[in-house]
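Student: Before anything else, here's the structure in question.
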Amino acid sequence: MLKMKRALALSALLANILIVYLIWWSGSKMLFAIGASGMFIAFGRLSGLMLEVSFMFMLVLIARIPWIEQLWGHDKLNKFHRWVGFTTLIGLITHPLFLAIGYSAGRDISILGQLLDFTTHWDDVAAAAGGVVLLILVILISTPFVRKHLAYESWHIPHLFTYAAILLAFEHQTAFGDFAGRPAAIAYWYAFNYSVFALLVWYRFLRPIYYSYKHNLIVSKIVKETPLVSSIYITGKKLNEFKFQAGQFANLFFLQKGLVSPHPLSFSCAPNGEYLRFSARASGDFTSKIDMLKIGTKVIIDGPLGTFTEKFSERSKYLLIAGGIGITPIYSLAESLAKKKSDVIIFYASKNIEEICFLKEIEQLPFICNCVLSNQGDKCAIPHENGRIDMEKIKRLAPDYNDREIYVCGPKTMILSLKEQLKTAKYNLKHLHYELFAF
């Protein structure tokens with residue numbers, strides 16, 4: 001069923017690409033008879049059309065459309081969004097360049113002169129050029145070299161200029177080229193673009209606002225779990241109707257001065273109908289300011305997001321592995337599985353006992369929890385293993401791991417290391433669940 005749904009989604013994408021190609025071919029095929037200049041104009045038009053299709057595809061990938069999120073997972077969609085974004089740089093260059101080469105041929109004007117002529121004498125092209133500049137800037141700040149120096153909040157706000165850039169570039173598309181004088185083609189183009197924007201506006205912006213208003217979500221208390229980790233409790237009306245699955249996360253907007261920008265946090269409790277809990281370790285612009293949140297602050301929740309849930313498991317036995325703050329979705333999963341009396345083994349890696357979150361809550365679960373402490377040594381008040389989680393410990397403490405669904409959440413290096421070790425141990429990786437997040 002999952003493969004069929006993915007195939008249908010990809011078929012819809014390919015169908016739109018085919019329609020755009022046919023519009024281009026029927027409008028530009030005569031240009032090939034002109035010679036090289038006509039070919040450059042034709043391919044410049046095609047480049048522009050496919051560039052817009054790429055932008056619409058990128059918007060769909062990050063529109064938070066639930067059924068698409070559940071097909072691939074938020075982390076994979078986000079990764080593909082970035083990859084498509086970098087490839088659009090090719091179209092942003094070739095579209096104006098090919099057109100300038102084609103139109104300048106046979107005229108007493110340089111390619112640069114033709115580009116300037118586009119922006120000064122062609123309707124809506126100046127706005128489109130402004131959009132191109134904005135898009136190039138967004139792509140540049142999204143490159144790994146720049147992005148690694150930015151906090152999530154610092155990166156996210158300028159990234160929103162993508163929407164303005166696409167709108168600036170839109171109007172010139174139907175005034176020239178393959179759409180000129182073709183009402184049916186223009187109608188399709190508007191329907192295609194406006195449908196994508198409608199989905200984006202609803203799922204990305206209006207729906208979170210609606211549900212936050214419906215449930216009147218507010219911060220009810222802040223609990224210090226460890227010296228570095230705090231939990232935010234959120235209450236409201238009819239929370240039994242606020243649907244999420246254990247293991248998911250959300251982007252939170254706190255309507256308090258200085259804290260409004262989105263903050264991705266995992267649900268750290270299973271659905272209970274009474275409150276929502278999100279926990280974070282002080283490590284970024286927002287997480288170091290959690291204690292500044294005022295009780296009663298209104299909250300907008302963009303989510304739930306992610307596929308790190310039991311919905312995608314095929315077995316009835318589980319091995320849950322957490323590293324550091326990765327315990328947040330792992331604990332919510334464990335709490336949910338405890339209600340179903342599932343067979344669960346937990347591994348929880350931390351530097352020392354002082355940094356272990358939810359220790360008392362974990363001890364109340366009807367599961368075996370193996371704490372692995374890297375900096376504690378033998379002097380510790382709780383039973384534990386020393387070192388790091390590895391296959392030796394998994395084989396010894398969870399000998400039937402091959403019969404279990406394995407969920408891992410923690411630092412990226414830990415996840416990838418365990419994945420490689422499980423692969424070497426011949427574990428069937430289709431039963432391994434993890435999400436790698438990067439903005």
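For the structure tokens, the naming scheme is as follows: chains receive sequential letters (A, B, ...) according to their order of presentation, residues are indexed from 1 within each chain, and ligands are indexed from 1 in presentation order.
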Just want the 12 Å neighbourhood of A:Lys340, counted on only C-alpha atoms, with same-chain residues fewer than 2 positions away dropped. Output as JSON, numbers by chain.
Tutor: {"A": [270, 310, 316, 317, 333, 334, 335, 336, 337, 338, 342, 343, 344, 365, 366]}
Student: Put those residues in a file: N, CA, C and O atoms, as a PDB file, in the first residue's frame.
Tutor:
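Output (out_14.pdb):
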ATOM      1  N   ALA A 270       3.458  10.602  25.524  1.00  0.00           N
ATOM      2  CA  ALA A 270       2.452  10.031  24.637  1.00  0.00           C
ATOM      3  C   ALA A 270       1.156  10.838  24.753  1.00  0.00           C
ATOM      4  O   ALA A 270       0.962  11.569  25.739  1.00  0.00           O
ATOM      5  N   GLU A 310       5.259   4.136  15.883  1.00  0.00           N
ATOM      6  CA  GLU A 310       4.992   2.695  15.836  1.00  0.00           C
ATOM      7  C   GLU A 310       4.092   2.312  14.669  1.00  0.00           C
ATOM      8  O   GLU A 310       3.981   1.126  14.339  1.00  0.00           O
ATOM      9  N   SER A 316       5.903  -6.946  16.759  1.00  0.00           N
ATOM     10  CA  SER A 316       5.262  -6.607  18.038  1.00  0.00           C
ATOM     11  C   SER A 316       6.266  -6.417  19.169  1.00  0.00           C
ATOM     12  O   SER A 316       5.893  -6.097  20.289  1.00  0.00           O
ATOM     13  N   LYS A 317       7.545  -6.613  18.871  1.00  0.00           N
ATOM     14  CA  LYS A 317       8.602  -6.447  19.871  1.00  0.00           C
ATOM     15  C   LYS A 317       9.509  -5.284  19.448  1.00  0.00           C
ATOM     16  O   LYS A 317       9.758  -5.090  18.246  1.00  0.00           O
ATOM     17  N   LEU A 333       7.465   7.171  22.846  1.00  0.00           N
ATOM     18  CA  LEU A 333       7.181   5.860  22.255  1.00  0.00           C
ATOM     19  C   LEU A 333       7.042   4.795  23.339  1.00  0.00           C
ATOM     20  O   LEU A 333       6.107   3.979  23.326  1.00  0.00           O
ATOM     21  N   ALA A 334       7.974   4.792  24.297  1.00  0.00           N
ATOM     22  CA  ALA A 334       7.943   3.796  25.368  1.00  0.00           C
ATOM     23  C   ALA A 334       6.670   3.916  26.189  1.00  0.00           C
ATOM     24  O   ALA A 334       6.045   2.908  26.549  1.00  0.00           O
ATOM     25  N   GLU A 335       6.262   5.145  26.471  1.00  0.00           N
ATOM     26  CA  GLU A 335       5.050   5.370  27.251  1.00  0.00           C
ATOM     27  C   GLU A 335       3.825   4.853  26.499  1.00  0.00           C
ATOM     28  O   GLU A 335       2.937   4.221  27.087  1.00  0.00           O
ATOM     29  N   SER A 336       3.790   5.087  25.199  1.00  0.00           N
ATOM     30  CA  SER A 336       2.678   4.603  24.385  1.00  0.00           C
ATOM     31  C   SER A 336       2.660   3.080  24.310  1.00  0.00           C
ATOM     32  O   SER A 336       1.604   2.445  24.435  1.00  0.00           O
ATOM     33  N   LEU A 337       3.838   2.481  24.120  1.00  0.00           N
ATOM     34  CA  LEU A 337       3.924   1.017  24.015  1.00  0.00           C
ATOM     35  C   LEU A 337       3.607   0.343  25.339  1.00  0.00           C
ATOM     36  O   LEU A 337       3.101  -0.790  25.369  1.00  0.00           O
ATOM     37  N   ALA A 338       3.888   1.039  26.461  1.00  0.00           N
ATOM     38  CA  ALA A 338       3.577   0.472  27.772  1.00  0.00           C
ATOM     39  C   ALA A 338       2.070   0.306  27.938  1.00  0.00           C
ATOM     40  O   ALA A 338       1.598  -0.674  28.538  1.00  0.00           O
ATOM     41  N   SER A 342       3.321  -3.876  25.240  1.00  0.00           N
ATOM     42  CA  SER A 342       4.241  -4.422  24.237  1.00  0.00           C
ATOM     43  C   SER A 342       5.531  -4.897  24.891  1.00  0.00           C
ATOM     44  O   SER A 342       5.868  -4.499  26.019  1.00  0.00           O
ATOM     45  N   ASP A 343       6.252  -5.733  24.185  1.00  0.00           N
ATOM     46  CA  ASP A 343       7.556  -6.238  24.644  1.00  0.00           C
ATOM     47  C   ASP A 343       8.623  -5.239  24.207  1.00  0.00           C
ATOM     48  O   ASP A 343       8.897  -5.105  23.008  1.00  0.00           O
ATOM     49  N   VAL A 344       9.215  -4.535  25.176  1.00  0.00           N
ATOM     50  CA  VAL A 344      10.141  -3.441  24.855  1.00  0.00           C
ATOM     51  C   VAL A 344      11.411  -3.545  25.689  1.00  0.00           C
ATOM     52  O   VAL A 344      11.362  -3.838  26.892  1.00  0.00           O
ATOM     53  N   LEU A 365       8.246   2.408  34.110  1.00  0.00           N
ATOM     54  CA  LEU A 365       7.791   1.653  32.944  1.00  0.00           C
ATOM     55  C   LEU A 365       8.040   0.158  33.161  1.00  0.00           C
ATOM     56  O   LEU A 365       9.045  -0.218  33.766  1.00  0.00           O
ATOM     57  N   PRO A 366       7.170  -0.686  32.651  1.00  0.00           N
ATOM     58  CA  PRO A 366       7.331  -2.136  32.844  1.00  0.00           C
ATOM     59  C   PRO A 366       8.331  -2.752  31.867  1.00  0.00           C
ATOM     60  O   PRO A 366       8.097  -3.833  31.321  1.00  0.00           O
TER      61      PRO A 366
END
Student: Each residue of stretch 261-317 of chain A lying at most 12 Å from stretch 405-418 of chain A should get a row with its shortest atom-to-atom pair and the distance in Å to one decimal, counting only C-alpha atoms; could you produce that, ordered by chain and increasing number, as a tab-separated table?
Tutor:
residue	atom	partner	partner_atom	distance
A:Ser266	CA	A:Cys409	CA	10.9
A:Thr307	CA	A:Tyr407	CA	11.1
A:Phe308	CA	A:Tyr407	CA	7.7
A:Thr309	CA	A:Tyr407	CA	8.8
A:Glu310	CA	A:Glu405	CA	9.0
A:Lys311	CA	A:Glu405	CA	11.4
A:Phe312	CA	A:Glu405	CA	9.6
A:Ser313	CA	A:Glu405	CA	6.4
A:Glu314	CA	A:Glu405	CA	7.4
A:Arg315	CA	A:Glu405	CA	6.0
A:Ser316	CA	A:Glu405	CA	7.7
A:Lys317	CA	A:Glu405	CA	6.3
Student: Based on DSSP run over this structure's backbone, return all residues of stretch 230-397 of chain A in helix (DSSP H, G or I), as a PyMOL selection string.
Tutor: chain A and resi 239-241+287-292+310-312+324-339+353-355+359-363+391-397
Student: Would you mind exporting the chosen residues as a compact mmCIF listing (two decimals), in the first residue's frame, restricted to N, CA and C atoms?
Tutor:
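Below is the file again-v6.txt, written as the result:
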# COMPACT_ATOMS: atom_id res chain seq x y z
N LEU A 239 -7.91 18.73 24.40
CA LEU A 239 -6.64 18.20 23.91
C LEU A 239 -6.75 16.75 23.46
N ASN A 240 -7.84 16.08 23.85
CA ASN A 240 -8.06 14.72 23.32
C ASN A 240 -8.33 14.74 21.83
N GLU A 241 -8.67 15.93 21.28
CA GLU A 241 -8.90 16.08 19.84
C GLU A 241 -7.66 16.57 19.11
N THR A 287 16.71 27.37 22.81
CA THR A 287 16.74 26.40 23.90
C THR A 287 17.46 26.93 25.14
N SER A 288 18.35 27.89 24.94
CA SER A 288 19.03 28.48 26.10
C SER A 288 18.15 29.53 26.79
N LYS A 289 16.97 29.83 26.19
CA LYS A 289 16.08 30.85 26.75
C LYS A 289 14.76 30.27 27.25
N ILE A 290 14.65 28.94 27.30
CA ILE A 290 13.37 28.33 27.68
C ILE A 290 12.89 28.84 29.03
N ASP A 291 13.80 29.04 29.97
CA ASP A 291 13.41 29.50 31.30
C ASP A 291 12.80 30.91 31.28
N MET A 292 12.97 31.61 30.15
CA MET A 292 12.40 32.96 30.03
C MET A 292 10.93 32.93 29.60
N GLU A 310 5.26 4.14 15.88
CA GLU A 310 4.99 2.70 15.84
C GLU A 310 4.09 2.31 14.67
N LYS A 311 3.46 3.31 14.04
CA LYS A 311 2.59 3.04 12.89
C LYS A 311 3.33 2.31 11.79
N PHE A 312 4.63 2.55 11.68
CA PHE A 312 5.41 1.98 10.58
C PHE A 312 6.17 0.71 11.01
N GLY A 324 21.43 10.86 24.67
CA GLY A 324 21.27 12.24 25.11
C GLY A 324 19.83 12.70 25.04
N ILE A 325 19.61 13.87 24.42
CA ILE A 325 18.26 14.44 24.33
C ILE A 325 17.38 13.63 23.39
N GLY A 326 17.96 12.66 22.69
CA GLY A 326 17.17 11.75 21.86
C GLY A 326 16.18 10.93 22.67
N ILE A 327 16.25 11.03 23.99
CA ILE A 327 15.30 10.31 24.85
C ILE A 327 13.89 10.87 24.69
N THR A 328 13.74 12.11 24.21
CA THR A 328 12.40 12.72 24.18
C THR A 328 11.41 11.93 23.33
N PRO A 329 11.67 11.67 22.04
CA PRO A 329 10.71 10.85 21.29
C PRO A 329 10.73 9.39 21.72
N ILE A 330 11.89 8.92 22.18
CA ILE A 330 11.99 7.52 22.63
C ILE A 330 11.11 7.30 23.86
N TYR A 331 11.12 8.26 24.80
CA TYR A 331 10.27 8.09 25.98
C TYR A 331 8.79 8.11 25.61
N SER A 332 8.41 9.01 24.70
CA SER A 332 6.99 9.06 24.31
C SER A 332 6.57 7.75 23.66
N LEU A 333 7.46 7.17 22.85
CA LEU A 333 7.18 5.86 22.26
C LEU A 333 7.04 4.80 23.34
N ALA A 334 7.97 4.79 24.30
CA ALA A 334 7.94 3.80 25.37
C ALA A 334 6.67 3.92 26.19
N GLU A 335 6.26 5.15 26.47
CA GLU A 335 5.05 5.37 27.25
C GLU A 335 3.83 4.85 26.50
N SER A 336 3.79 5.09 25.20
CA SER A 336 2.68 4.60 24.39
C SER A 336 2.66 3.08 24.31
N LEU A 337 3.84 2.48 24.12
CA LEU A 337 3.92 1.02 24.02
C LEU A 337 3.61 0.34 25.34
N ALA A 338 3.89 1.04 26.46
CA ALA A 338 3.58 0.47 27.77
C ALA A 338 2.07 0.31 27.94
N LYS A 339 1.30 1.26 27.41
CA LYS A 339 -0.15 1.17 27.50
C LYS A 339 -0.68 -0.03 26.73
N ILE A 353 24.96 10.30 35.15
CA ILE A 353 23.63 10.19 35.71
C ILE A 353 22.94 11.54 35.83
N GLU A 354 23.72 12.61 36.02
CA GLU A 354 23.14 13.94 36.16
C GLU A 354 22.43 14.41 34.89
N GLU A 355 22.81 13.86 33.74
CA GLU A 355 22.21 14.29 32.47
C GLU A 355 21.11 13.38 31.98
N LEU A 359 14.31 10.00 34.55
CA LEU A 359 14.79 8.77 35.19
C LEU A 359 13.68 8.10 36.01
N LYS A 360 12.99 8.89 36.84
CA LYS A 360 11.93 8.31 37.66
C LYS A 360 10.79 7.77 36.81
N GLU A 361 10.46 8.48 35.74
CA GLU A 361 9.38 8.03 34.85
C GLU A 361 9.78 6.74 34.13
N ILE A 362 11.03 6.67 33.71
CA ILE A 362 11.51 5.47 33.00
C ILE A 362 11.49 4.27 33.95
N GLU A 363 11.87 4.50 35.20
CA GLU A 363 11.91 3.39 36.17
C GLU A 363 10.51 2.83 36.44
N MET A 391 27.20 -3.04 19.31
CA MET A 391 26.61 -4.35 19.04
C MET A 391 26.93 -5.35 20.13
N GLU A 392 28.06 -5.21 20.79
CA GLU A 392 28.39 -6.14 21.88
C GLU A 392 27.34 -6.04 22.98
N LYS A 393 26.98 -4.81 23.35
CA LYS A 393 25.98 -4.62 24.39
C LYS A 393 24.60 -5.05 23.91
N ILE A 394 24.27 -4.74 22.66
CA ILE A 394 22.96 -5.11 22.12
C ILE A 394 22.81 -6.63 22.09
N LYS A 395 23.83 -7.34 21.61
CA LYS A 395 23.75 -8.81 21.54
C LYS A 395 23.66 -9.43 22.93
N ARG A 396 24.33 -8.81 23.89
CA ARG A 396 24.34 -9.37 25.24
C ARG A 396 23.07 -9.05 26.02
N LEU A 397 22.58 -7.83 25.88
CA LEU A 397 21.44 -7.38 26.69
C LEU A 397 20.10 -7.48 25.98
Student: Quick one: of A:Cys269, A:Ala322, A:Ile389, A:Leu8, who's nearest to A:Ile356, counting only C-alpha atoms?
Tutor: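 With only C-alpha atoms as the atom set, the closest residue is A:Ala322.
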Student: Could you tell me which of A:Glu435, A:Asp400, A:Asp75, A:Asp124 comes closest to A:Leu61 if we count only C-alpha atoms?
Tutor: A:Asp75
Student: Mind the document's chain letters and residue numbers, and return as JSON, numbers by chain the residues of stretch 251-371 of chain A that DSSP labels strand (DSSP E).
Tutor: {"A": [251, 252, 253, 254, 263, 264, 265, 266, 276, 277, 278, 279, 280, 281, 299, 300, 301, 302, 303, 304, 305, 317, 318, 319, 320, 321, 322, 323, 343, 344, 345, 346, 347, 348, 349, 350, 368, 369, 370, 371]}
Student: Just write the chosen residues, N, CA, C and O atoms, as a compact mmCIF listing (two decimals), in the first residue's frame.
Tutor:
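Below is the file that was written, result_6.txt:
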# COMPACT_ATOMS: atom_id res chain seq x y z
N ASN A 251 6.95 22.08 15.13
CA ASN A 251 7.58 23.39 15.22
C ASN A 251 6.70 24.27 16.10
O ASN A 251 5.50 24.41 15.84
N LEU A 252 7.28 24.85 17.13
CA LEU A 252 6.51 25.65 18.09
C LEU A 252 6.81 27.14 17.93
O LEU A 252 7.98 27.53 17.83
N PHE A 253 5.75 27.94 17.91
CA PHE A 253 5.87 29.40 17.89
C PHE A 253 5.30 29.91 19.21
O PHE A 253 4.10 29.75 19.49
N PHE A 254 6.13 30.51 20.03
CA PHE A 254 5.68 31.06 21.30
C PHE A 254 5.42 32.55 21.10
O PHE A 254 6.33 33.30 20.70
N HIS A 263 10.53 26.76 16.57
CA HIS A 263 11.49 25.94 17.29
C HIS A 263 11.07 24.48 17.15
O HIS A 263 10.03 24.08 17.67
N PRO A 264 11.84 23.64 16.43
CA PRO A 264 11.48 22.22 16.28
C PRO A 264 11.79 21.43 17.55
O PRO A 264 12.94 21.35 17.97
N LEU A 265 10.76 20.85 18.15
CA LEU A 265 10.91 20.09 19.38
C LEU A 265 10.08 18.81 19.30
O LEU A 265 9.00 18.80 18.71
N SER A 266 10.59 17.74 19.92
CA SER A 266 9.87 16.47 19.93
C SER A 266 8.86 16.42 21.07
O SER A 266 9.11 16.96 22.16
N LEU A 276 0.35 18.59 26.59
CA LEU A 276 1.42 18.26 25.65
C LEU A 276 2.72 18.62 26.33
O LEU A 276 2.80 19.62 27.06
N ARG A 277 3.75 17.82 26.11
CA ARG A 277 5.05 18.12 26.71
C ARG A 277 6.12 18.07 25.65
O ARG A 277 6.19 17.13 24.85
N PHE A 278 6.97 19.09 25.65
CA PHE A 278 8.12 19.15 24.75
C PHE A 278 9.35 19.41 25.60
O PHE A 278 9.32 20.26 26.51
N SER A 279 10.43 18.70 25.32
CA SER A 279 11.64 18.86 26.13
C SER A 279 12.82 19.19 25.23
O SER A 279 12.92 18.69 24.11
N ALA A 280 13.71 20.03 25.71
CA ALA A 280 14.85 20.47 24.90
C ALA A 280 16.07 20.67 25.77
O ALA A 280 15.98 21.04 26.95
N ARG A 281 17.22 20.45 25.15
CA ARG A 281 18.50 20.68 25.82
C ARG A 281 19.02 22.06 25.43
O ARG A 281 18.95 22.46 24.27
N VAL A 299 0.66 29.58 22.30
CA VAL A 299 1.55 28.77 21.48
C VAL A 299 0.84 28.37 20.19
O VAL A 299 -0.35 28.00 20.20
N ILE A 300 1.56 28.47 19.09
CA ILE A 300 1.08 27.93 17.81
C ILE A 300 1.94 26.72 17.48
O ILE A 300 3.18 26.80 17.50
N ILE A 301 1.30 25.61 17.19
CA ILE A 301 2.03 24.36 16.92
C ILE A 301 1.87 23.97 15.46
O ILE A 301 0.76 23.74 14.99
N ASP A 302 2.98 23.95 14.75
CA ASP A 302 3.03 23.49 13.36
C ASP A 302 3.39 22.01 13.38
O ASP A 302 4.56 21.65 13.50
N GLY A 303 2.41 21.17 13.27
CA GLY A 303 2.65 19.73 13.35
C GLY A 303 1.38 19.02 13.72
O GLY A 303 0.29 19.63 13.70
N PRO A 304 1.48 17.75 14.04
CA PRO A 304 2.69 16.96 14.25
C PRO A 304 3.38 16.59 12.94
O PRO A 304 2.75 16.56 11.88
N LEU A 305 4.68 16.30 13.05
CA LEU A 305 5.50 15.97 11.89
C LEU A 305 6.32 14.72 12.18
O LEU A 305 6.58 14.38 13.33
N LYS A 317 7.55 -6.61 18.87
CA LYS A 317 8.60 -6.45 19.87
C LYS A 317 9.51 -5.28 19.45
O LYS A 317 9.76 -5.09 18.25
N TYR A 318 10.01 -4.54 20.45
CA TYR A 318 10.73 -3.31 20.14
C TYR A 318 12.03 -3.20 20.92
O TYR A 318 12.12 -3.64 22.07
N LEU A 319 13.02 -2.57 20.27
CA LEU A 319 14.25 -2.16 20.93
C LEU A 319 14.38 -0.65 20.70
O LEU A 319 14.52 -0.21 19.56
N LEU A 320 14.29 0.13 21.77
CA LEU A 320 14.34 1.59 21.67
C LEU A 320 15.70 2.06 22.18
O LEU A 320 16.09 1.74 23.30
N ILE A 321 16.40 2.82 21.35
CA ILE A 321 17.75 3.27 21.70
C ILE A 321 17.80 4.80 21.66
O ILE A 321 17.50 5.42 20.63
N ALA A 322 18.18 5.40 22.78
CA ALA A 322 18.25 6.86 22.88
C ALA A 322 19.66 7.29 23.25
O ALA A 322 20.35 6.63 24.02
N GLY A 323 20.06 8.42 22.70
CA GLY A 323 21.33 9.02 23.07
C GLY A 323 21.10 10.47 23.45
O GLY A 323 20.59 11.26 22.64
N ASP A 343 6.25 -5.73 24.18
CA ASP A 343 7.56 -6.24 24.64
C ASP A 343 8.62 -5.24 24.21
O ASP A 343 8.90 -5.10 23.01
N VAL A 344 9.21 -4.54 25.18
CA VAL A 344 10.14 -3.44 24.85
C VAL A 344 11.41 -3.55 25.69
O VAL A 344 11.36 -3.84 26.89
N ILE A 345 12.55 -3.30 25.05
CA ILE A 345 13.83 -3.13 25.74
C ILE A 345 14.36 -1.74 25.39
O ILE A 345 14.30 -1.33 24.22
N ILE A 346 14.86 -1.02 26.39
CA ILE A 346 15.35 0.34 26.16
C ILE A 346 16.84 0.41 26.45
O ILE A 346 17.33 -0.16 27.43
N PHE A 347 17.56 1.11 25.59
CA PHE A 347 18.95 1.50 25.84
C PHE A 347 18.98 3.02 25.88
O PHE A 347 18.44 3.69 24.98
N TYR A 348 19.62 3.56 26.91
CA TYR A 348 19.68 5.01 27.05
C TYR A 348 21.12 5.41 27.35
O TYR A 348 21.66 5.11 28.41
N ALA A 349 21.75 6.09 26.40
CA ALA A 349 23.14 6.52 26.55
C ALA A 349 23.19 7.98 27.01
O ALA A 349 22.48 8.83 26.49
N SER A 350 24.04 8.24 27.98
CA SER A 350 24.22 9.59 28.49
C SER A 350 25.64 9.72 29.00
O SER A 350 26.34 8.72 29.19
N ILE A 368 12.71 -3.28 30.69
CA ILE A 368 14.12 -3.23 31.07
C ILE A 368 14.75 -2.02 30.40
O ILE A 368 14.63 -1.83 29.19
N CYS A 369 15.39 -1.16 31.19
CA CYS A 369 16.10 -0.01 30.65
C CYS A 369 17.58 -0.15 30.98
O CYS A 369 17.96 -0.19 32.16
N ASN A 370 18.41 -0.24 29.95
CA ASN A 370 19.85 -0.36 30.12
C ASN A 370 20.50 1.01 29.95
O ASN A 370 20.58 1.54 28.84
N CYS A 371 20.92 1.61 31.03
CA CYS A 371 21.60 2.89 30.95
C CYS A 371 23.07 2.67 30.62
O CYS A 371 23.74 1.81 31.23
Student: Mind giving me the straight-line distance from atom CA of A:Leu422 to atom CA of A:Tyr401 in Å, one decimal?
Tutor: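 A separation of 9.8 Å between them.
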Student: Please, which residues in stretch 77-119 of chain A fall within 12 Å of stretch 161-183 of chain A when counting only C-alpha atoms, and what is the closest atom pair and distance in Å to one decimal for each, ordered by chain then residue number, as JSON lines?
Tutor:
{"residue": "A:Gly85", "atom": "CA", "partner": "A:Thr162", "partner_atom": "CA", "distance": 10.4}
{"residue": "A:Leu92", "atom": "CA", "partner": "A:Ala169", "partner_atom": "CA", "distance": 11.0}
{"residue": "A:His95", "atom": "CA", "partner": "A:Gln173", "partner_atom": "CA", "distance": 11.8}
{"residue": "A:Leu99", "atom": "CA", "partner": "A:Gly177", "partner_atom": "CA", "distance": 10.5}
{"residue": "A:Phe118", "atom": "CA", "partner": "A:His172", "partner_atom": "CA", "distance": 11.0}
{"residue": "A:Thr119", "atom": "CA", "partner": "A:His172", "partner_atom": "CA", "distance": 11.1}
